[in-house]
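Q: Mind looking over this structure? Questions follow.
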Amino acid sequence: MAGKTLYDKLWDAHVVTDLGGGSALIYVDRHLLHEVTSPQAFEGLRLAGRKPWRLAANLAVADHNVPTTDRSRGIADPISRAQIEALDANCAEFGITEFRMDDARQGIVHVIGPEQGATLPGMTVVCGDSHTSTHGAFGALAFGIGTSEVEHVLATQTLVQKKAKNMRVTVQGEVAPGITAKDIALAVIGRIGTAGGTGCAIEFAGEAIERLSMEGRMTVCNMAIEAGARAGLIAVDQTTLDYLRGRPFAPHGALWEKAVAAWRELRSDADASFDREVVIEARAIKPQVTWGTSPEMVVPVDARVPDPAAETDAVKRAGLQRALAYMGLAANTPIVDIAIDKVFIGSCTNSRIEDLRAAAAVVRGRRLAPNIKQALVVPGSGLIKRQAEAEGLHRIFLEAGFEWREPGCSMCLGMNADRLAPGERCASTSNRNFEGRQGAGGRTHLVSPAMAAAAAVAGHFVDVRDFQ
Amino acid sequence: MRPFTVVTGKVAPLDRANVDTDAIIPKQYLKSIKRTGFGPFLFDDWRYLDPGDLDVDPATRRPNPDFVLNQPRYAGATILLARENFGCGSSREHAVWALSDYGFRAVIATSFADIFFNNSFKNGLLPIALGRDVMDRLFAQAQACEGYALTVDLPAQRVRAPDGAEYAFEIDAFRKDCLVKGLDEIGLTLKHADAIRAYEARRRETAPWLP
């Protein structure tokens with residue numbers, strides 16, 4: 001019999017019952033909640049007179065709407081405040097554990113889950129947020145769901161799912177110095193496209209992936225959804241175990257040893273077969289910069305903005321032209337000639353301690369370029385913020401002219417006050433460069449933390465590898 | 001959930017690929033804690049020339065005359081045509097609620113993003129994927145003929161065009177049944193409550209470290 005992929009193993013271990021026609025009822029081990037996609041689900045429970053099936057599976061935190069400035073006076077925007085108060089009230093009513101805004105553990109839901117050890121290998125992890133793919137870095141089957149499914153999970157601890165196809169992206173060899181997990185993720189999306197992984201669970205493998213820290217692996221799996229895949233996966237190894245040991249929600253003592261023995265099996269068998277395989281040479285990856293309004297519109301920093309005239313497909317050509325018009329860019333402009341107005345270092349993609357260290361290493365002893373109107377550093381959690389301050393990173397950013405903020409989703413999607421004004425151009429470490437994503441009319445270029453930091457200092461994009 | 005059987009309706013052609021859920025319903029409307037009332041904000045940044053928010057009356061805003069849904073010939077459309085990867089990006093179900101609240105019953109596109117596709121079925125909005133050649137033809141016809149309408153026959157899994165052409169589409173049997181009958185999926189799942197409890201009992205033995 002052919003071997004199983006990691007995805008096959010996770011799927012098989014969670015089937016409650018087969019519903020026929022390729023669908024199954026799948027058990028959910030961990031359910032993460034935030035304020036934006038949960039209120040209607042809680043309301044649904046109330047209307048039907050239902051209760052959460054398994055309280056201990058749930059963990060909630062407010063992240064999308066929270067202010068990143070001084071929180072001592074609460075939230076100024078009454079609509080945002082009402083949504084966060086609704087989460088507080090719903091968690092209190094139903095008995096769900098929540099890290100409230102004044103809790104040091106508060107932060108972006110996809111940062112705090114792993115940080116607390118609430119995300120563990122072998123789990124199914126779901127959340128009403130597409131970037132739930134992040135948690136696949138731990139050898140967990142993790143994917144985003146809509147609000148109806150949030151209600152379904154609360155009420156039944158299960159989801160009706162169709163099994164996805166198996167896809168493997170192997171990043172072969174070692175990346176060059178200065179190349180980060182973000183560059184790997186963007187290079188993969190540039191290669192396979194934003195719909196390249198639709199219908200698939202993507203397992204990331206290869207030496208370049210194995211060499212990544214857990215922070216880097218989370219960045220890669222986080223962006224799997226930008227390649228169309230609901231789930232990204234990475235096999236469990238010593239790096240995974242070292243990260244999790246001692247985390248508050250992780251098992252301890254004899255239970256830890258028992259868990260580790262099971263987790264070591266969480267890898268694709270050598271003879272497993274994949275429906276689709278993509279191989280990328282790590283050495284060929286350069287620092288990546290998106291130029292358009294879809295993450296697949298990405299080029300290396302030493303390239304130029306593409307020319308739509310070279311595209312033969314009419315629908316694609318129209319898309320390229322629309323993107324150039326929205327971004328206010330001319331075809332064939334060198335990426336390094338693009339000047340920026342704002343810088344955002346944060347989001348569930350790149351707000352972890354390693355990201356902040358990488359950005360600070362570039363910024364140290366330098367200042368923002370005069371054309372930079374605002375540069376934000378938004379740590380992913382209160383604990384990361386505290387750690388960065390213990391390392392003195394905040395002083396490096398503050399001395400350079402950056403603002404050092406409280407944790408949350410912030411300018412990744414601009415639901416709070418942090419956003420771009422129309423026409424403003426931003427070097428952002430987030431995950432989406434869609435039209436209006438960071439503010440109506442705003443123009444987003446996705447980059448790694450080191451590239452964002454270098455752009456902040458230079459005032460335009462530069463190759464961080466030459467930036468000494 | 002509102003059942004879906006046979007729907008005949010006017011067609012609006014949105015000739016773009018990779019229409020993301022941020023474009024379908026922008027962030028500021030996600031602060032609402034209701035499931036209803038998103039229709040006036042559907043495709044907000046494309047549909048209006050001035051900025052909007054939950055507390056801004058859409059009737060006071062300036063519509064963008066170039067946007068397809070603002071053209072009088074497409075008023076009252078219940079079927080939306082789009083290109084590949086429709087609904088990509090954020091998992092926000094508000095995107096489906098906005099399309100439904102506006103009046104759309106079906107979206108016909110070259111392909112869909114997974115989470116949007118899934119969310120649609122929970123709300124009685126039928127996503128139908130048809131091939132590129134068929135889509136090219138439907139776009140051409142919708143743009144050429146004013147009042148162009150299609151019939152979507154879910155039980156027969158057919159889209160019928162006014163020229164007599166019929167296009168078959170695929171749908172998962174379970175989803176089709178739920179949609180045709182307007183079933184509550186949670187109620188259906190709870191019929192498996194004993195199987196869920198049995199799974200949990202096994203899980204306590206094999207993985208006692210799980211919450």
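Quick note on naming: the chains in the structure tokens go A, B, ... in the order shown, residues restart at 1 in each chain, and ligands are numbered from 1 in order of appearance.
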Could you pull the residues within 6 Å of Gly459 of chain A, counting only C-alpha atoms, minus those fewer than 5 positions along the same chain, as a PyMOL selection string?
A: chain A and resi 339-340+369
Q: For a quick test of understanding: name the residues of chain B lying within 8 Å of chain A when counting only C-alpha atoms, and present them as a compact mmCIF listing (two decimals) with all heavy atoms, in the first residue's frame.
A:
# COMPACT_ATOMS: atom_id res chain seq x y z
N ARG B 16 -13.82 40.67 -14.32
CA ARG B 16 -12.52 40.79 -13.65
C ARG B 16 -12.13 39.44 -13.07
O ARG B 16 -12.99 38.70 -12.61
CB ARG B 16 -12.60 41.75 -12.46
CG ARG B 16 -12.89 43.19 -12.82
CD ARG B 16 -12.83 44.01 -11.54
NE ARG B 16 -13.25 45.37 -11.81
CZ ARG B 16 -12.70 46.44 -11.27
NH1 ARG B 16 -11.72 46.32 -10.40
NH2 ARG B 16 -13.13 47.65 -11.56
N ALA B 17 -10.84 39.18 -13.05
CA ALA B 17 -10.32 37.98 -12.38
C ALA B 17 -9.89 38.37 -10.96
O ALA B 17 -9.70 39.55 -10.66
CB ALA B 17 -9.11 37.44 -13.14
N ASN B 18 -9.75 37.36 -10.08
CA ASN B 18 -9.24 37.56 -8.72
C ASN B 18 -10.01 38.63 -7.95
O ASN B 18 -9.41 39.47 -7.27
CB ASN B 18 -7.75 37.93 -8.75
CG ASN B 18 -6.90 36.84 -9.35
OD1 ASN B 18 -7.10 35.66 -9.05
ND2 ASN B 18 -5.97 37.19 -10.21
N ASP B 20 -11.41 39.85 -4.93
CA ASP B 20 -11.18 39.40 -3.56
C ASP B 20 -12.31 39.86 -2.65
O ASP B 20 -13.09 40.75 -3.00
CB ASP B 20 -9.82 39.87 -3.06
CG ASP B 20 -9.69 41.38 -3.10
OD1 ASP B 20 -10.31 42.04 -2.25
OD2 ASP B 20 -8.98 41.91 -3.99
N ASP B 22 -12.13 41.51 0.06
CA ASP B 22 -11.97 42.91 0.48
C ASP B 22 -12.70 43.83 -0.50
O ASP B 22 -13.27 44.84 -0.11
CB ASP B 22 -10.49 43.32 0.51
CG ASP B 22 -9.80 42.96 1.82
OD1 ASP B 22 -9.39 41.79 1.94
OD2 ASP B 22 -9.70 43.82 2.71
N ALA B 23 -12.66 43.48 -1.79
CA ALA B 23 -13.36 44.28 -2.80
C ALA B 23 -14.87 44.06 -2.71
O ALA B 23 -15.65 44.97 -2.92
CB ALA B 23 -12.86 43.91 -4.20
N PRO B 26 -15.67 45.89 1.90
CA PRO B 26 -14.48 46.42 2.59
C PRO B 26 -14.58 46.38 4.12
O PRO B 26 -15.66 46.29 4.68
CB PRO B 26 -14.39 47.87 2.10
CG PRO B 26 -15.25 47.94 0.89
CD PRO B 26 -16.32 46.92 1.08
N LYS B 27 -13.40 46.47 4.71
CA LYS B 27 -13.19 46.29 6.15
C LYS B 27 -14.15 47.04 7.07
O LYS B 27 -14.59 46.51 8.08
CB LYS B 27 -11.77 46.74 6.48
CG LYS B 27 -11.59 48.24 6.21
CD LYS B 27 -10.14 48.65 6.19
CE LYS B 27 -9.64 48.98 4.83
NZ LYS B 27 -9.17 48.09 3.92
N GLN B 28 -14.48 48.30 6.73
CA GLN B 28 -15.23 49.11 7.72
C GLN B 28 -16.60 48.53 8.03
O GLN B 28 -17.14 48.75 9.10
CB GLN B 28 -15.33 50.58 7.27
CG GLN B 28 -16.08 50.86 5.98
CD GLN B 28 -15.17 50.86 4.75
OE1 GLN B 28 -14.23 50.07 4.67
NE2 GLN B 28 -15.46 51.72 3.78
N LEU B 30 -17.20 45.37 8.33
CA LEU B 30 -17.05 44.15 9.12
C LEU B 30 -17.24 44.40 10.61
O LEU B 30 -17.22 43.48 11.42
CB LEU B 30 -15.65 43.54 8.90
CG LEU B 30 -15.49 42.57 7.73
CD1 LEU B 30 -16.08 43.10 6.46
CD2 LEU B 30 -14.04 42.23 7.53
N LYS B 31 -17.40 45.66 10.96
CA LYS B 31 -17.62 45.99 12.37
C LYS B 31 -19.06 45.74 12.79
O LYS B 31 -19.38 45.77 13.97
CB LYS B 31 -17.24 47.44 12.64
CG LYS B 31 -15.76 47.70 12.46
CD LYS B 31 -15.44 49.16 12.68
CE LYS B 31 -13.99 49.44 12.30
NZ LYS B 31 -13.64 50.85 12.49
N SER B 32 -19.94 45.55 11.81
CA SER B 32 -21.33 45.26 12.14
C SER B 32 -21.40 43.89 12.81
O SER B 32 -20.67 42.97 12.44
CB SER B 32 -22.17 45.24 10.87
OG SER B 32 -23.42 44.65 11.14
N ILE B 33 -22.27 43.75 13.81
CA ILE B 33 -22.40 42.44 14.46
C ILE B 33 -23.66 41.72 13.99
O ILE B 33 -24.11 40.75 14.57
CB ILE B 33 -22.35 42.55 16.01
CG1 ILE B 33 -23.43 43.48 16.53
CG2 ILE B 33 -20.98 43.04 16.45
CD1 ILE B 33 -23.50 43.52 18.06
N LYS B 34 -24.23 42.20 12.87
CA LYS B 34 -25.43 41.57 12.29
C LYS B 34 -25.06 40.79 11.02
O LYS B 34 -23.98 40.94 10.47
CB LYS B 34 -26.47 42.65 11.95
CG LYS B 34 -26.95 43.40 13.18
CD LYS B 34 -28.05 44.38 12.84
CE LYS B 34 -27.53 45.50 11.95
NZ LYS B 34 -28.50 46.53 11.65
N ARG B 35 -26.01 39.97 10.55
CA ARG B 35 -25.82 39.23 9.30
C ARG B 35 -26.47 39.93 8.12
O ARG B 35 -26.33 39.49 6.99
CB ARG B 35 -26.52 37.86 9.41
CG ARG B 35 -25.67 36.73 9.90
CD ARG B 35 -26.55 35.49 9.99
NE ARG B 35 -25.88 34.45 10.78
CZ ARG B 35 -25.18 33.46 10.26
NH1 ARG B 35 -25.09 33.31 8.96
NH2 ARG B 35 -24.59 32.58 11.04
N ASP B 45 -15.98 50.12 -2.83
CA ASP B 45 -14.95 51.02 -3.39
C ASP B 45 -15.11 51.22 -4.90
O ASP B 45 -14.69 52.23 -5.44
CB ASP B 45 -13.53 50.47 -3.11
CG ASP B 45 -13.13 50.65 -1.66
OD1 ASP B 45 -13.86 51.31 -0.90
OD2 ASP B 45 -12.08 50.10 -1.27
N PRO B 51 -16.08 58.06 -0.13
CA PRO B 51 -15.91 57.01 0.89
C PRO B 51 -17.18 56.77 1.70
O PRO B 51 -17.99 57.68 1.88
CB PRO B 51 -14.80 57.56 1.79
CG PRO B 51 -14.79 59.02 1.57
CD PRO B 51 -15.29 59.26 0.18
N ASN B 85 -10.99 32.63 -9.89
CA ASN B 85 -10.58 32.87 -8.50
C ASN B 85 -11.47 33.90 -7.80
O ASN B 85 -10.99 34.71 -7.02
CB ASN B 85 -9.10 33.31 -8.48
CG ASN B 85 -8.42 33.05 -7.16
OD1 ASN B 85 -8.84 32.17 -6.39
ND2 ASN B 85 -7.39 33.81 -6.86
N CYS B 88 -11.41 35.36 -3.59
CA CYS B 88 -10.15 35.02 -2.94
C CYS B 88 -9.89 35.96 -1.76
O CYS B 88 -10.52 37.00 -1.63
CB CYS B 88 -8.99 35.07 -3.94
SG CYS B 88 -8.72 36.66 -4.72
N GLY B 89 -8.95 35.56 -0.92
CA GLY B 89 -8.55 36.40 0.21
C GLY B 89 -9.25 36.04 1.50
O GLY B 89 -9.44 34.86 1.81
N SER B 90 -9.66 37.06 2.21
CA SER B 90 -10.22 36.93 3.56
C SER B 90 -11.41 35.98 3.62
O SER B 90 -12.19 35.88 2.67
CB SER B 90 -10.63 38.34 4.01
OG SER B 90 -11.62 38.30 5.01
N SER B 91 -11.57 35.33 4.78
CA SER B 91 -12.65 34.35 4.98
C SER B 91 -13.99 35.01 5.27
O SER B 91 -14.98 34.32 5.44
CB SER B 91 -12.29 33.43 6.15
OG SER B 91 -12.26 34.17 7.35
N ARG B 92 -14.03 36.31 5.35
CA ARG B 92 -15.23 37.05 5.77
C ARG B 92 -16.50 36.57 5.05
O ARG B 92 -16.65 36.74 3.84
CB ARG B 92 -15.02 38.56 5.56
CG ARG B 92 -14.69 38.94 4.14
CD ARG B 92 -14.31 40.42 4.01
NE ARG B 92 -13.00 40.69 4.61
CZ ARG B 92 -12.34 41.83 4.46
NH1 ARG B 92 -12.85 42.82 3.75
NH2 ARG B 92 -11.15 41.99 5.03
N GLU B 93 -17.41 36.02 5.81
CA GLU B 93 -18.69 35.56 5.24
C GLU B 93 -19.56 36.76 4.87
O GLU B 93 -20.53 36.64 4.11
CB GLU B 93 -19.40 34.64 6.24
CG GLU B 93 -20.50 33.79 5.64
CD GLU B 93 -20.85 32.61 6.53
OE1 GLU B 93 -19.93 31.96 7.07
OE2 GLU B 93 -22.05 32.33 6.70
N ALA B 113 -12.44 30.79 -5.07
CA ALA B 113 -11.55 30.49 -3.95
C ALA B 113 -12.32 29.61 -2.96
O ALA B 113 -13.53 29.72 -2.83
CB ALA B 113 -11.09 31.78 -3.28
N ASP B 114 -11.58 28.74 -2.27
CA ASP B 114 -12.21 27.68 -1.46
C ASP B 114 -13.12 28.19 -0.34
O ASP B 114 -14.21 27.66 -0.15
CB ASP B 114 -11.13 26.80 -0.82
CG ASP B 114 -10.43 25.91 -1.85
OD1 ASP B 114 -11.01 25.67 -2.91
OD2 ASP B 114 -9.30 25.46 -1.57
N ILE B 115 -12.67 29.16 0.44
CA ILE B 115 -13.45 29.55 1.62
C ILE B 115 -14.74 30.26 1.18
O ILE B 115 -15.82 29.98 1.71
CB ILE B 115 -12.63 30.44 2.59
CG1 ILE B 115 -11.35 29.72 3.01
CG2 ILE B 115 -13.46 30.80 3.82
CD1 ILE B 115 -10.44 30.52 3.94
N ASN B 119 -18.53 29.14 2.02
CA ASN B 119 -19.43 30.05 2.72
C ASN B 119 -20.73 30.26 1.94
O ASN B 119 -21.79 30.44 2.54
CB ASN B 119 -18.77 31.42 2.93
CG ASN B 119 -17.69 31.40 4.00
OD1 ASN B 119 -17.64 30.48 4.82
ND2 ASN B 119 -16.83 32.40 3.98
N LYS B 122 -23.68 27.97 2.69
CA LYS B 122 -24.31 28.11 4.01
C LYS B 122 -25.39 29.18 3.99
O LYS B 122 -26.09 29.36 4.97
CB LYS B 122 -23.27 28.49 5.06
CG LYS B 122 -21.96 27.80 4.96
CD LYS B 122 -22.04 26.37 5.44
CE LYS B 122 -20.68 25.71 5.35
NZ LYS B 122 -20.73 24.29 5.60
N ASP B 172 -21.40 18.98 -5.31
CA ASP B 172 -21.33 17.90 -4.33
C ASP B 172 -22.76 17.51 -3.90
O ASP B 172 -23.60 18.39 -3.66
CB ASP B 172 -20.51 18.48 -3.18
CG ASP B 172 -20.51 17.62 -1.96
OD1 ASP B 172 -19.76 16.66 -1.95
OD2 ASP B 172 -21.28 17.93 -1.03
N ALA B 173 -23.03 16.22 -3.82
CA ALA B 173 -24.39 15.74 -3.56
C ALA B 173 -24.95 16.23 -2.23
O ALA B 173 -26.12 16.62 -2.13
CB ALA B 173 -24.41 14.21 -3.59
N PHE B 174 -24.09 16.26 -1.22
CA PHE B 174 -24.53 16.69 0.11
C PHE B 174 -24.93 18.17 0.09
O PHE B 174 -25.98 18.56 0.60
CB PHE B 174 -23.40 16.45 1.13
CG PHE B 174 -23.72 16.93 2.52
CD1 PHE B 174 -24.55 16.21 3.36
CD2 PHE B 174 -23.18 18.14 2.99
CE1 PHE B 174 -24.84 16.66 4.64
CE2 PHE B 174 -23.46 18.58 4.28
CZ PHE B 174 -24.30 17.85 5.10
N GLU B 185 -27.54 22.91 8.53
CA GLU B 185 -26.45 21.94 8.61
C GLU B 185 -26.13 21.54 10.05
O GLU B 185 -25.75 20.39 10.31
CB GLU B 185 -25.21 22.51 7.92
CG GLU B 185 -24.30 21.43 7.38
CD GLU B 185 -23.07 22.01 6.75
OE1 GLU B 185 -23.09 22.33 5.54
OE2 GLU B 185 -22.06 22.15 7.46
N ILE B 186 -26.26 22.48 10.98
CA ILE B 186 -25.95 22.14 12.38
C ILE B 186 -26.94 21.08 12.88
O ILE B 186 -26.56 20.11 13.54
CB ILE B 186 -25.99 23.40 13.28
CG1 ILE B 186 -24.85 24.35 12.87
CG2 ILE B 186 -25.87 23.02 14.75
CD1 ILE B 186 -24.83 25.67 13.63
N THR B 189 -25.89 17.77 11.51
CA THR B 189 -24.69 17.24 12.18
C THR B 189 -25.03 16.69 13.56
O THR B 189 -24.48 15.66 13.98
CB THR B 189 -23.61 18.33 12.28
OG1 THR B 189 -23.21 18.69 10.96
CG2 THR B 189 -22.40 17.84 13.04
N LEU B 190 -25.93 17.37 14.27
CA LEU B 190 -26.25 16.92 15.63
C LEU B 190 -26.93 15.55 15.64
O LEU B 190 -26.99 14.89 16.68
CB LEU B 190 -27.08 17.98 16.35
CG LEU B 190 -26.26 19.23 16.77
CD1 LEU B 190 -27.14 20.32 17.32
CD2 LEU B 190 -25.16 18.86 17.78
N ALA B 193 -24.52 13.07 16.91
CA ALA B 193 -23.97 13.38 18.24
C ALA B 193 -23.31 12.16 18.89
O ALA B 193 -22.24 12.28 19.51
CB ALA B 193 -25.07 13.94 19.15
N ALA B 195 -21.83 9.66 17.43
CA ALA B 195 -20.55 9.40 16.76
C ALA B 195 -19.50 10.41 17.22
O ALA B 195 -18.32 10.06 17.38
CB ALA B 195 -20.73 9.48 15.25
N ILE B 196 -19.91 11.65 17.46
CA ILE B 196 -18.96 12.67 17.94
C ILE B 196 -18.48 12.28 19.34
O ILE B 196 -17.29 12.33 19.64
CB ILE B 196 -19.60 14.07 17.94
CG1 ILE B 196 -20.04 14.47 16.52
CG2 ILE B 196 -18.63 15.11 18.49
CD1 ILE B 196 -20.88 15.75 16.44
N TYR B 199 -16.07 9.44 19.11
CA TYR B 199 -14.76 9.93 18.66
C TYR B 199 -14.00 10.55 19.83
O TYR B 199 -12.80 10.28 20.03
CB TYR B 199 -14.92 10.97 17.53
CG TYR B 199 -13.60 11.52 17.08
CD1 TYR B 199 -12.89 10.92 16.05
CD2 TYR B 199 -13.02 12.63 17.72
CE1 TYR B 199 -11.65 11.40 15.65
CE2 TYR B 199 -11.78 13.11 17.35
CZ TYR B 199 -11.10 12.50 16.31
OH TYR B 199 -9.87 12.97 15.95
N ALA B 207 -4.90 10.42 22.51
CA ALA B 207 -4.22 11.72 22.59
C ALA B 207 -4.72 12.50 23.81
O ALA B 207 -5.38 13.53 23.68
CB ALA B 207 -4.47 12.51 21.29
N PRO B 208 -4.37 12.00 24.99
CA PRO B 208 -4.92 12.60 26.22
C PRO B 208 -4.43 14.02 26.50
O PRO B 208 -4.97 14.68 27.39
CB PRO B 208 -4.46 11.62 27.32
CG PRO B 208 -3.30 10.91 26.74
CD PRO B 208 -3.52 10.83 25.27
N TRP B 209 -3.43 14.48 25.73
CA TRP B 209 -2.90 15.84 25.96
C TRP B 209 -3.75 16.92 25.28
O TRP B 209 -3.55 18.09 25.51
CB TRP B 209 -1.45 15.93 25.44
CG TRP B 209 -1.34 15.55 23.99
CD1 TRP B 209 -1.53 16.36 22.91
CD2 TRP B 209 -1.06 14.25 23.47
NE1 TRP B 209 -1.37 15.64 21.75
CE2 TRP B 209 -1.08 14.35 22.07
CE3 TRP B 209 -0.78 13.00 24.06
CZ2 TRP B 209 -0.84 13.25 21.24
CZ3 TRP B 209 -0.55 11.92 23.24
CH2 TRP B 209 -0.57 12.05 21.85
N LEU B 210 -4.70 16.49 24.45
CA LEU B 210 -5.49 17.49 23.72
C LEU B 210 -6.55 18.12 24.63
O LEU B 210 -7.03 17.47 25.55
CB LEU B 210 -6.15 16.85 22.49
CG LEU B 210 -5.16 16.47 21.38
CD1 LEU B 210 -5.88 15.70 20.27
CD2 LEU B 210 -4.49 17.71 20.81
N PRO B 211 -6.91 19.38 24.36
CA PRO B 211 -7.86 20.07 25.23
C PRO B 211 -9.26 19.49 25.14
O PRO B 211 -9.62 18.95 24.12
CB PRO B 211 -7.84 21.51 24.71
CG PRO B 211 -7.48 21.39 23.28
CD PRO B 211 -6.51 20.24 23.22
Q: Could you pull the residues within 10 Å of Leu14 of chain B, counting only C-alpha atoms, minus those fewer than 6 positions along the same chain, as an mmCIF file with all heavy atoms, in the first residue's frame?
A:
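selection-v8.cif written:
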data_model
loop_
_atom_site.group_PDB
_atom_site.id
_atom_site.type_symbol
_atom_site.label_atom_id
_atom_site.label_comp_id
_atom_site.auth_asym_id
_atom_site.auth_seq_id
_atom_site.Cartn_x
_atom_site.Cartn_y
_atom_site.Cartn_z
ATOM 1 N N PHE B 67 -19.415 51.783 -13.000
ATOM 2 C CA PHE B 67 -19.414 50.442 -12.420
ATOM 3 C C PHE B 67 -20.636 49.665 -12.886
ATOM 4 O O PHE B 67 -21.750 50.184 -12.932
ATOM 5 C CB PHE B 67 -19.363 50.516 -10.891
ATOM 6 C CG PHE B 67 -19.245 49.157 -10.264
ATOM 7 C CD1 PHE B 67 -18.160 48.344 -10.537
ATOM 8 C CD2 PHE B 67 -20.242 48.671 -9.429
ATOM 9 C CE1 PHE B 67 -18.065 47.069 -9.989
ATOM 10 C CE2 PHE B 67 -20.157 47.405 -8.866
ATOM 11 C CZ PHE B 67 -19.059 46.602 -9.152
ATOM 12 N N VAL B 68 -20.422 48.409 -13.198
ATOM 13 C CA VAL B 68 -21.447 47.597 -13.857
ATOM 14 C C VAL B 68 -22.786 47.607 -13.116
ATOM 15 O O VAL B 68 -23.847 47.764 -13.737
ATOM 16 C CB VAL B 68 -20.921 46.155 -14.111
ATOM 17 C CG1 VAL B 68 -20.491 45.463 -12.832
ATOM 18 C CG2 VAL B 68 -21.947 45.307 -14.842
ATOM 19 N N LEU B 69 -22.778 47.487 -11.785
ATOM 20 C CA LEU B 69 -24.058 47.405 -11.073
ATOM 21 C C LEU B 69 -24.806 48.732 -11.065
ATOM 22 O O LEU B 69 -25.985 48.777 -10.730
ATOM 23 C CB LEU B 69 -23.836 46.924 -9.626
ATOM 24 C CG LEU B 69 -23.296 45.508 -9.459
ATOM 25 C CD1 LEU B 69 -23.272 45.112 -7.993
ATOM 26 C CD2 LEU B 69 -24.103 44.493 -10.257
ATOM 27 N N LEU B 80 -24.704 36.856 -11.009
ATOM 28 C CA LEU B 80 -23.474 37.599 -11.275
ATOM 29 C C LEU B 80 -22.509 36.722 -12.063
ATOM 30 O O LEU B 80 -22.304 35.552 -11.732
ATOM 31 C CB LEU B 80 -22.823 38.017 -9.948
ATOM 32 C CG LEU B 80 -21.584 38.914 -10.043
ATOM 33 C CD1 LEU B 80 -21.952 40.311 -10.542
ATOM 34 C CD2 LEU B 80 -20.883 39.010 -8.685
ATOM 35 N N LEU B 81 -21.927 37.303 -13.116
ATOM 36 C CA LEU B 81 -20.866 36.599 -13.852
ATOM 37 C C LEU B 81 -19.523 37.162 -13.427
ATOM 38 O O LEU B 81 -19.389 38.374 -13.248
ATOM 39 C CB LEU B 81 -20.998 36.831 -15.366
ATOM 40 C CG LEU B 81 -22.245 36.383 -16.105
ATOM 41 C CD1 LEU B 81 -22.033 36.595 -17.612
ATOM 42 C CD2 LEU B 81 -22.561 34.925 -15.818
ATOM 43 N N ALA B 82 -18.518 36.310 -13.266
ATOM 44 C CA ALA B 82 -17.175 36.786 -12.920
ATOM 45 C C ALA B 82 -16.140 35.841 -13.519
ATOM 46 O O ALA B 82 -16.489 34.820 -14.123
ATOM 47 C CB ALA B 82 -17.015 36.890 -11.417
ATOM 48 N N ARG B 83 -14.885 36.198 -13.347
ATOM 49 C CA ARG B 83 -13.791 35.402 -13.931
ATOM 50 C C ARG B 83 -13.149 34.481 -12.879
ATOM 51 O O ARG B 83 -13.747 34.202 -11.853
ATOM 52 C CB ARG B 83 -12.752 36.355 -14.536
ATOM 53 C CG ARG B 83 -13.293 37.161 -15.730
ATOM 54 C CD ARG B 83 -13.524 36.280 -16.929
ATOM 55 N NE ARG B 83 -13.903 37.059 -18.108
ATOM 56 C CZ ARG B 83 -14.068 36.532 -19.317
ATOM 57 N NH1 ARG B 83 -13.915 35.236 -19.499
ATOM 58 N NH2 ARG B 83 -14.412 37.284 -20.342
ATOM 59 N N ALA B 109 -18.804 31.759 -12.332
ATOM 60 C CA ALA B 109 -17.444 32.239 -12.584
ATOM 61 C C ALA B 109 -16.592 31.095 -13.118
ATOM 62 O O ALA B 109 -16.984 29.932 -13.069
ATOM 63 C CB ALA B 109 -16.840 32.787 -11.295
ATOM 64 N N PHE B 139 -20.269 36.112 -21.092
ATOM 65 C CA PHE B 139 -19.916 37.533 -20.970
ATOM 66 C C PHE B 139 -20.296 38.293 -22.243
ATOM 67 O O PHE B 139 -20.886 39.367 -22.184
ATOM 68 C CB PHE B 139 -18.414 37.707 -20.687
ATOM 69 C CG PHE B 139 -18.087 37.751 -19.219
ATOM 70 C CD1 PHE B 139 -17.494 36.674 -18.590
ATOM 71 C CD2 PHE B 139 -18.381 38.883 -18.454
ATOM 72 C CE1 PHE B 139 -17.198 36.708 -17.227
ATOM 73 C CE2 PHE B 139 -18.094 38.925 -17.095
ATOM 74 C CZ PHE B 139 -17.500 37.832 -16.481
#
Q: Could you name the residues that touch Gly190 of chain A at 10 Å or less, counting only C-alpha atoms, but leaving out those on the same chain fewer than 4 positions away, as a list in words?
A: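 After dropping sequence-adjacent residues, the list is Ile184, Ala185, Leu186, Thr194, Gly196, Ala227, Gln288, Thr290, Ser294, Pro295, Glu296, Met297, Val298, Val299 and Pro300 of chain A.
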Q: Using only C-alpha atoms, which residue out of B:Ile79, B:Ile128, B:Leu138, B:Ala144 lies closest to Phe169 of chain B?
A: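 Once distances to Phe169 of chain B are computed over only C-alpha atoms, the minimum belongs to B:Ile128.
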Q: Name the residues of segment 1-211 of chain A that fall into strand (DSSP E) according to DSSP on the backbone, using the chain letters and numbers of this document, as a PyMOL selection string.
A: chain A and resi 15-20+23-27+30-33+58-61+97-99+124-127+141-144+158-162+165-172+200-205
Q: Between atom CA of Val377 of chain A and atom CA of Ala421 of chain A, measure the distance and give it in Å to one decimal.
A: 18.1 Å
Q: Could you please determine the separation between atom CA of Ser273 of chain A and atom CA of Ala187 of chain A in Å, to one decimal place?
A: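 Pair atom CA of Ser273 of chain A / atom CA of Ala187 of chain A returns 24.0 Å.
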